[in-house]
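Below: one structure, written as structure tokens.
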Amino acid sequence: MAGGFVQILGGDSPSESLGGDAFGYHWLDGTRLAVYLLDVCGHGVGPALLGVSAMNVLRSGAVPGRDMGDPGAVIEGLNDLFPMERHNDLFFTIWYGVLDTAAGTLRWSGGARPPALLLRPGAKPERLMSQGLMVGAAMGVPYDSEQVRIEPGSRLLLSSDGIFELARPDGSMASLEEFIATVPHAPQGPDRLDAMLAHARAEQRRDSFADDVSLLEVRLEP
């Protein structure tokens, strides 16, 4: 069965205030797995409701006239559905990818998200960049899909910016570069995302986060 080709880990730690971070994944068919993470601007009930609405569209595959296997087309459809002028001036950022276990490929597109990380066996993390604008900011904006080959044993990591935008007690701020440098050293096994969260808490020396933290890892089994 298709699910036997991949291992999926998810972890999150909500901030002290209600937010719009969300991640998800589902099989499009027997060999293609869609994975995605989005973050609505701001905190409170409004961003949370918009995040739920966008996630429901993705999970149900209800992006009108769009092929859910084409990441760029999916984000273009979301941009049509959620213009910020109709949603209290709220927008969201997103990374959406489709892993094809039969072809050994990963297609992705993104709107103003931090890069997803592709970790190939024995190699440094490869950044899969988001090239598009945030969703809802401008109508009729094109979003391109990119593609890369993915070998057995490779891992794909999606993360929200709450995992690296950390205020340390000395007043300095942690950075994306520092976070990426720590990823290859996280312990292997089912507790690796918990270890990343624990490292972030140690960096800021407090248990709660200023922003939502979401992590999603997909591993293509050897």
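Going by the structure tokens order, chains are called A, B, ..., each with residues numbered from 1, while ligands are numbered from 1 in the order shown.
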
Output as a tab-separated table one row per residue of range 107-132 of chain A within 10 Å of range 33-52 of chain A: the closest atom pair and its distance in Å to one decimal place, counting only C-alpha atoms, sorted by chain and residue number ascending.
```
residue	atom	partner	partner_atom	distance
A:Arg107	CA	A:Ala34	CA	9.5
A:Trp108	CA	A:Val35	CA	9.3
A:Ser109	CA	A:Tyr36	CA	9.9
A:Gly110	CA	A:Tyr36	CA	9.4
A:Gly111	CA	A:Leu38	CA	9.2
A:Ala112	CA	A:Asp39	CA	10.0
A:Arg113	CA	A:Leu38	CA	8.1
A:Ala116	CA	A:Leu37	CA	9.7
```

Keeping only C-alpha atoms, take the residues you just selected and write them out as a compact mmCIF listing (two decimals), in the first residue's frame.
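Generated output (result37.txt):
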```txt
# COMPACT_ATOMS: atom_id res chain seq x y z
CA ARG A 107 7.05 19.13 -6.83
CA TRP A 108 6.46 22.24 -4.75
CA SER A 109 5.41 25.85 -4.75
CA GLY A 110 5.18 28.47 -2.04
CA GLY A 111 4.02 31.90 -1.12
CA ALA A 112 6.32 33.90 1.19
CA ARG A 113 7.16 30.92 3.41
CA ALA A 116 11.23 23.62 3.31
```

Problem - Close residues, Leu81 in chain A itself excluded, 10 Å, only C-alpha atoms, min 6 positions apart in chain, as a ChimeraX atom specification - result: /A:54,57,63-64,75,135-136,139

Review point. Using only C-alpha atoms, which residue out of A:Gly104, A:Gly24, A:Pro190, A:Pro114 lies closest to Glu151 in chain A?
Key: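 Checking each of A:Gly104, A:Gly24, A:Pro190, A:Pro114 against Glu151 in chain A, counting only C-alpha atoms, the winner is A:Gly104.
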
DSSP-assigned strand (DSSP E) among range 32-176 of chain A, expressed as a PyMOL selection string: chain A and resi 32-43+92-100+105-111+116-119+126-128+146-149+155-159

Inset, instruction - Rank A:Arg192, A:Pro125, A:Met134, A:Asp212 by their smallest atom-to-atom distance to Phe164 in chain A, using only C-alpha atoms, and report the top residue only. - result: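 Checking each of A:Arg192, A:Pro125, A:Met134, A:Asp212 against Phe164 in chain A, counting only C-alpha atoms, the winner is A:Asp212.
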
### Query
Please, what distance in Å, to one decimal, runs between CA of Glu146 in chain A and CA of Ser130 in chain A?
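Distance reported for this atom pair: 9.7 Å.
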
Quick one: residues within 10 Å of Ile150 in chain A, only C-alpha atoms counted, chain neighbours fewer than 6 positions away excluded, as a PyMOL selection string?
-> chain A and resi 99-101+103-106+118-120+156+219-220

TODO: For Gly171 in chain A, list every protein, DNA or RNA residue within 12 Å, evaluated using only C-alpha atoms, and leave out those in the same chain fewer than 5 positions away; present the list as a PyMOL selection string.
DONE: chain A and resi 166+203-205

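Here CA of His26 in chain A stands at a distance of 26.4 Å from CA of His87 in chain A.
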
Point-to-point distance from CA of Phe91 in chain A to CA of Met129 in chain A, Å rounded to tenths
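That distance, rounded to one decimal, is 19.1 Å.
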
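Scanning range 77-220 of chain A with DSSP on the backbone, the alpha helix (DSSP H) assignments fall on Gly77, Leu78, Asn79, Asp80, Leu81, Leu176, Glu177, Glu178, Phe179, Ile180, Ala181, Thr182, Arg192, Leu193, Asp194, Ala195, Met196, Leu197, Ala198, His199, Ala200, Arg201, Ala202, Glu203 and Gln204 of chain A.
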
Excluding Gly189 in chain A and residues on its chain fewer than 5 positions from it, collect all residues at most 12 Å away from it, counting only C-alpha atoms, and give them as a PyMOL selection string.
chain A and resi 7-9+194-195+217+219
